[in-house]
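Printed here is work_23.cif (mmCIF, C-alpha atoms):
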```cif
data_target
#
loop_
_atom_site.label_atom_id
_atom_site.label_comp_id
_atom_site.auth_asym_id
_atom_site.auth_seq_id
_atom_site.Cartn_x
_atom_site.Cartn_y
_atom_site.Cartn_z
CA MET A 1 -41.64 15.72 21.63
CA GLU A 2 -38.38 17.69 21.93
CA ILE A 3 -36.41 14.54 21.11
CA TYR A 4 -38.49 14.04 17.96
CA TYR A 5 -37.91 17.58 16.67
CA LEU A 6 -34.18 17.44 17.31
CA TRP A 7 -34.08 14.05 15.59
CA LEU A 8 -36.04 15.46 12.65
CA ARG A 9 -33.65 18.41 12.38
CA GLN A 10 -30.71 16.06 11.87
CA ILE A 11 -32.63 14.02 9.29
CA LYS A 12 -33.54 17.14 7.30
CA ARG A 13 -29.96 18.41 7.39
CA TYR A 14 -28.79 15.08 6.04
CA THR A 15 -31.38 14.66 3.27
CA ARG A 16 -30.86 18.23 2.03
CA SER A 17 -27.15 17.59 1.45
CA LYS A 18 -26.95 15.32 -1.59
CA SER A 19 -23.17 15.57 -1.75
CA ARG A 20 -22.95 14.35 1.84
CA MET A 21 -25.19 11.39 1.07
CA ILE A 22 -23.07 10.40 -1.93
CA GLY A 23 -19.72 11.06 -0.28
CA ALA A 24 -20.63 9.03 2.81
CA VAL A 25 -20.77 5.79 0.81
CA GLY A 26 -18.02 6.67 -1.67
CA GLN A 27 -15.09 5.75 0.58
CA PRO A 28 -16.53 2.39 1.74
CA ILE A 29 -17.32 1.37 -1.82
CA LEU A 30 -13.79 2.38 -2.86
CA PHE A 31 -12.40 0.15 -0.12
CA LEU A 32 -14.57 -2.72 -1.31
CA LEU A 33 -13.52 -2.33 -4.92
CA ALA A 34 -9.82 -1.63 -4.37
CA LEU A 35 -9.22 -4.14 -1.62
CA GLY A 36 -11.87 -6.67 -2.58
CA TYR A 37 -10.54 -7.17 -6.08
CA GLY A 38 -6.95 -6.12 -5.44
CA ILE A 39 -6.27 -8.44 -2.50
CA GLY A 40 -9.09 -10.88 -3.15
CA SER A 41 -7.10 -13.14 -5.45
CA LEU A 42 -4.22 -13.38 -2.95
CA TYR A 43 -6.66 -14.05 -0.13
CA LYS A 44 -8.33 -16.83 -2.11
CA ARG A 45 -5.00 -18.37 -3.12
CA ALA A 46 -4.05 -18.52 0.56
CA GLY A 47 -7.06 -20.77 1.09
CA ASN A 48 -9.13 -18.25 3.07
CA GLY A 49 -12.13 -18.13 0.72
CA ASN A 50 -13.92 -15.10 -0.70
CA TYR A 51 -12.33 -11.85 0.46
CA ILE A 52 -15.36 -9.73 -0.50
CA GLU A 53 -17.48 -11.74 1.93
CA PHE A 54 -14.85 -11.32 4.64
CA LEU A 55 -14.49 -7.59 3.93
CA VAL A 56 -18.14 -6.45 3.85
CA PRO A 57 -18.89 -6.73 7.61
CA GLY A 58 -15.73 -4.76 8.38
CA ILE A 59 -16.57 -2.07 5.82
CA ILE A 60 -20.06 -1.72 7.30
CA ILE A 61 -18.50 -1.10 10.72
CA GLN A 62 -16.03 1.31 9.11
CA THR A 63 -18.90 3.29 7.59
CA ILE A 64 -20.55 3.54 11.00
CA LEU A 65 -17.32 4.39 12.84
CA PHE A 66 -16.31 7.20 10.50
CA GLY A 67 -19.82 8.58 10.01
CA ALA A 68 -20.99 8.43 13.62
CA ILE A 69 -17.92 9.90 15.29
CA PHE A 70 -17.65 12.74 12.76
CA TRP A 71 -21.31 13.53 13.39
CA GLY A 72 -20.07 15.26 16.55
CA ILE A 73 -18.84 18.11 14.38
CA ASN A 74 -22.49 19.23 14.22
CA ILE A 75 -22.29 20.07 17.92
CA ILE A 76 -19.23 22.26 17.31
CA TRP A 77 -21.04 23.87 14.38
CA ASP A 78 -24.04 24.62 16.59
CA LYS A 79 -21.74 26.03 19.29
CA GLN A 80 -19.98 28.28 16.80
CA PHE A 81 -23.18 29.73 15.34
CA GLY A 82 -25.20 30.06 18.52
CA PHE A 83 -27.89 27.45 17.91
CA LEU A 84 -26.70 25.24 20.77
CA LYS A 85 -26.72 28.15 23.22
CA GLU A 86 -30.33 28.93 22.34
CA THR A 87 -31.24 25.27 22.75
CA LEU A 88 -29.49 24.87 26.11
CA VAL A 89 -31.27 27.85 27.68
CA ALA A 90 -34.66 26.42 26.69
CA PRO A 91 -36.69 24.63 29.41
CA VAL A 92 -35.56 21.22 28.12
CA SER A 93 -33.17 18.85 29.88
CA ARG A 94 -29.74 18.48 28.33
CA LEU A 95 -30.24 14.73 28.28
CA ARG A 96 -33.20 15.12 25.91
CA ILE A 97 -31.28 17.56 23.74
CA LEU A 98 -28.38 15.13 23.41
CA MET A 99 -30.61 12.07 22.88
CA GLY A 100 -32.62 13.79 20.14
CA SER A 101 -29.55 14.94 18.27
CA ALA A 102 -27.66 11.68 18.81
CA LEU A 103 -30.61 9.61 17.59
CA GLY A 104 -30.74 11.77 14.47
CA GLY A 105 -27.02 11.27 13.88
CA SER A 106 -27.39 7.55 14.50
CA THR A 107 -30.26 7.29 12.01
CA THR A 108 -28.36 8.99 9.21
CA THR A 109 -25.21 6.95 9.87
CA LEU A 110 -27.20 3.72 9.95
CA ALA A 111 -28.80 4.69 6.63
CA GLN A 112 -25.32 5.04 5.13
CA ALA A 113 -24.30 1.62 6.44
CA THR A 114 -27.50 0.10 5.03
CA MET A 115 -26.72 1.58 1.61
CA VAL A 116 -23.23 0.05 1.76
CA PHE A 117 -24.77 -3.33 2.62
CA PHE A 118 -27.09 -3.29 -0.39
CA LEU A 119 -24.43 -1.91 -2.73
CA SER A 120 -22.09 -4.72 -1.65
CA MET A 121 -24.67 -7.19 -2.91
CA LEU A 122 -24.04 -5.83 -6.40
CA LEU A 123 -20.45 -7.03 -5.94
CA GLY A 124 -21.62 -10.54 -5.12
CA PHE A 125 -21.96 -10.44 -1.34
CA ARG A 126 -24.73 -12.56 0.19
CA PRO A 127 -25.45 -13.17 3.91
CA TYR A 128 -25.16 -16.84 4.77
CA ASN A 129 -28.50 -16.70 6.65
CA TRP A 130 -31.04 -13.95 5.99
CA LEU A 131 -32.81 -14.74 9.26
CA LEU A 132 -29.80 -13.37 11.15
CA VAL A 133 -29.71 -10.08 9.22
CA PRO A 134 -32.18 -8.37 11.63
CA LEU A 135 -29.89 -9.28 14.55
CA ALA A 136 -26.94 -7.86 12.60
CA LEU A 137 -29.00 -4.68 12.16
CA ILE A 138 -29.50 -4.48 15.93
CA VAL A 139 -25.73 -4.84 16.45
CA ALA A 140 -25.18 -2.04 13.91
CA MET A 141 -27.76 0.16 15.68
CA LEU A 142 -26.15 -0.31 19.09
CA PHE A 143 -22.66 0.33 17.73
CA THR A 144 -23.88 3.41 15.86
CA PHE A 145 -25.53 4.90 18.93
CA ALA A 146 -22.47 4.20 21.09
CA VAL A 147 -20.05 5.85 18.64
CA THR A 148 -22.42 8.78 18.07
CA CYS A 149 -22.54 9.46 21.81
CA PHE A 150 -18.74 9.18 21.92
CA GLY A 151 -18.44 11.71 19.09
CA ALA A 152 -20.85 14.02 20.90
CA GLY A 153 -18.78 13.72 24.08
CA LEU A 154 -15.59 14.63 22.24
CA ALA A 155 -17.25 17.55 20.48
CA SER A 156 -18.58 18.83 23.81
CA ARG A 157 -15.01 19.14 25.09
CA VAL A 158 -13.53 20.76 21.95
CA ASN A 159 -14.30 24.23 20.60
CA ASP A 160 -12.79 24.21 17.09
CA PHE A 161 -13.18 22.04 14.00
CA GLN A 162 -9.47 21.46 13.48
CA GLY A 163 -8.90 20.17 17.00
CA PHE A 164 -11.91 17.85 16.74
CA GLN A 165 -10.74 16.43 13.41
CA ALA A 166 -7.17 15.95 14.69
CA ILE A 167 -8.37 14.03 17.77
CA ASN A 168 -10.72 11.92 15.68
CA GLN A 169 -8.08 10.95 13.17
CA PHE A 170 -5.69 10.09 15.98
CA LEU A 171 -8.33 7.76 17.45
CA ILE A 172 -10.25 6.44 14.44
CA PHE A 173 -7.50 5.00 12.28
CA PRO A 174 -5.83 2.87 14.98
CA LEU A 175 -9.26 1.65 16.14
CA PHE A 176 -10.21 0.75 12.58
CA PHE A 177 -6.99 -0.81 11.29
CA LEU A 178 -6.43 -2.81 14.50
CA SER A 179 -9.98 -4.16 14.61
CA GLY A 180 -9.57 -6.94 12.07
CA ALA A 181 -11.92 -5.13 9.70
CA LEU A 182 -9.57 -5.53 6.72
CA PHE A 183 -7.43 -8.51 7.68
CA PRO A 184 -7.99 -11.60 9.87
CA ILE A 185 -6.85 -11.17 13.46
CA GLN A 186 -5.55 -14.75 13.28
CA GLY A 187 -2.72 -13.50 11.05
CA PHE A 188 -1.66 -10.67 13.37
CA PRO A 189 1.61 -10.89 15.32
CA LYS A 190 1.10 -11.75 18.98
CA ALA A 191 1.48 -8.13 20.16
CA LEU A 192 -1.12 -6.88 17.67
CA LYS A 193 -3.47 -9.70 18.66
CA ILE A 194 -3.36 -8.43 22.23
CA ILE A 195 -4.06 -4.87 21.05
CA ALA A 196 -6.92 -6.06 18.83
CA SER A 197 -8.38 -7.95 21.80
CA CYS A 198 -8.39 -4.69 23.79
CA ASN A 199 -9.99 -2.75 20.93
CA PRO A 200 -13.79 -2.51 21.43
CA VAL A 201 -14.33 -2.05 17.69
CA SER A 202 -12.89 -5.53 17.08
CA TYR A 203 -15.85 -7.10 18.84
CA SER A 204 -18.44 -5.25 16.74
CA VAL A 205 -16.64 -6.30 13.55
CA ASP A 206 -16.48 -9.87 14.83
CA ALA A 207 -20.18 -9.89 15.77
CA MET A 208 -21.12 -8.73 12.28
CA ARG A 209 -18.99 -11.49 10.76
CA HIS A 210 -20.63 -14.13 12.95
CA LEU A 211 -24.09 -12.97 11.89
CA LEU A 212 -23.47 -12.24 8.21
CA ILE A 213 -20.90 -14.82 7.07
CA ASN A 214 -20.73 -17.31 9.97
CA GLN A 215 -17.08 -16.56 10.75
CA GLY A 216 -15.46 -15.05 13.80
CA TYR A 217 -12.37 -14.83 15.96
CA PHE A 218 -14.05 -14.31 19.34
CA GLN A 219 -17.19 -16.01 20.60
CA LEU A 220 -20.45 -14.25 19.71
CA TRP A 221 -21.60 -13.96 23.32
CA LYS A 222 -18.35 -12.17 24.14
CA ASP A 223 -18.82 -9.81 21.18
CA LEU A 224 -22.31 -8.90 22.38
CA ALA A 225 -21.20 -8.49 25.99
CA VAL A 226 -18.41 -6.07 25.01
CA LEU A 227 -20.78 -4.18 22.70
CA GLY A 228 -23.29 -3.81 25.54
CA LEU A 229 -20.58 -2.50 27.87
CA MET A 230 -19.38 -0.15 25.13
CA VAL A 231 -22.88 1.33 24.75
CA VAL A 232 -23.14 2.00 28.51
CA VAL A 233 -19.69 3.61 28.75
CA MET A 234 -20.06 5.73 25.60
CA VAL A 235 -23.53 6.99 26.53
CA TRP A 236 -22.25 7.91 29.98
CA PHE A 237 -19.27 9.73 28.45
CA GLY A 238 -21.45 11.61 25.96
CA VAL A 239 -24.06 12.65 28.53
CA SER A 240 -21.55 13.69 31.21
CA SER A 241 -19.51 15.72 28.70
CA PHE A 242 -22.57 17.37 27.18
CA LYS A 243 -23.84 18.43 30.60
CA LYS A 244 -20.60 20.35 31.21
CA ILE A 245 -21.03 22.63 28.16
CA GLU A 246 -21.27 26.21 29.37
CA THR A 247 -23.91 28.51 27.93
#
```

Show me this structure written as structure tokens.
Amino acid sequence: MEIYYLWLRQIKRYTRSKSRMIGAVGQPILFLLALGYGIGSLYKRAGNGNYIEFLVPGIIIQTILFGAIFWGINIIWDKQFGFLKETLVAPVSRLRILMGSALGGSTTTLAQATMVFFLSMLLGFRPYNWLLVPLALIVAMLFTFAVTCFGAGLASRVNDFQGFQAINQFLIFPLFFLSGALFPIQGFPKALKIIASCNPVSYSVDAMRHLLINQGYFQLWKDLAVLGLMVVVMVWFGVSSFKKIET
């Protein structure tokens, strides 16, 4: 029951902020328009096909990555204004508190990614097999929950907004740009290929491409294995960090 109410709190906070709902999909759509049509002709001339189709799975992962990790700022907000302290002294386990809040953050982030998916269809994107879309949704859900827990773990260790944002930007942009979300890993120099292969985000992007457009750099089983390991590690990091918050 506690998990439900904490989940519901995050949902209400999200739905009451119309500007947040609009802004969350604004950047991904801008990427699709600017890159999809700006680089699309060059990509097609190089014999690589439709760039919009290639780009959409990466932009969906980008939406999740940016939205889920920045969700952790809610924990700092609650620490600053005393709500978290009141919650932690309640007779509820910290694991339930974290799971309820993280599930709420995951739900709102997944809703943003779903909106990007449907808006991309207005630009001409179509999955190659609709029967695989539910599996792609499961991949998105697992990735969302993992990144949300990671954001919660970071926020549990930081006490100010500026420090949290600085750490996030230091981590997010390399993870995103070196994941193959915008450009094929096949075209990377050898050193960047090695870095991309060590980047866990690369495997989520690749899994989405396998399931939505039937393309990929790694094998799908490897993508799913890395994603599963990522979920375990990130949940452990989030829970262990959250348990160390002092009241």

Residue with the minimum atom-to-atom distance to A:Tyr217, picked from A:Val25, A:Gln186, A:Ser241, A:Val231 with only C-alpha atoms counted, is A:Gln186

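Ranking A:Ser120, A:Gln112, A:Ser179, A:Ser204 by their shortest atom-to-atom distance to A:Leu30, with all atoms listed in the file included, puts A:Ser120 first.
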
Take the PyMOL selection byres ((chain A and resi 190-202) around 12), apply it to the structure above, and return the hits as a PyMOL selection string. chain A and resi 57-58+60-62+64-66+139-140+143-144+146-147+171-189+203-209+216-220+222-231+233-234

Just say which residues the PyMOL selection byres ((chain A and resi 98) around 12) picks in this file, as a ChimeraX atom specification. /A:2-7,10,72,74-75,84,87-88,92-97,99-106,145,148-153,155-156,235-243,245

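Taking atom CA of A:Lys79 and atom CA of A:Gly67 as endpoints, the distance between them is 19.9 Å.
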
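Note that atom CA of A:Gln215 and atom CA of A:Leu119 are 21.2 Å apart.
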
Closest of A:Leu32, A:Gln80, A:Gln165, A:Phe170 to A:Leu123, counting only C-alpha atoms, is A:Leu32

Point-to-point distance in Å for atom CA of A:Leu35 and atom CA of A:Gly124: 14.4 Å

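Each of A:Ile73, A:Ile29, A:Ala34, A:Leu135 was compared to A:Phe161 using all atoms listed in the file, and A:Ile73 turns out to be the nearest.
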
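Applied to the file shown here, the PyMOL selection byres ((chain A and resi 128) around 10) selects Glu53, Phe125, Arg126, Pro127, Asn129, Trp130, Leu131, Leu132, Val133, His210, Leu211, Leu212, Ile213 and Asn214 of chain A.
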
Write out as JSON, numbers by chain each polymer residue whose atoms come within 12 Å of A:Gln162, counting all atoms listed in the file; drop sequence neighbours fewer than 3 positions from it. {"A": [70, 73, 76, 77, 155, 158, 159, 165, 166, 167, 168, 169]}

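The closest residue to A:Pro28, picked from A:Leu142, A:Met115, A:Ile11, A:Leu110 and counting only C-alpha atoms, is A:Met115.
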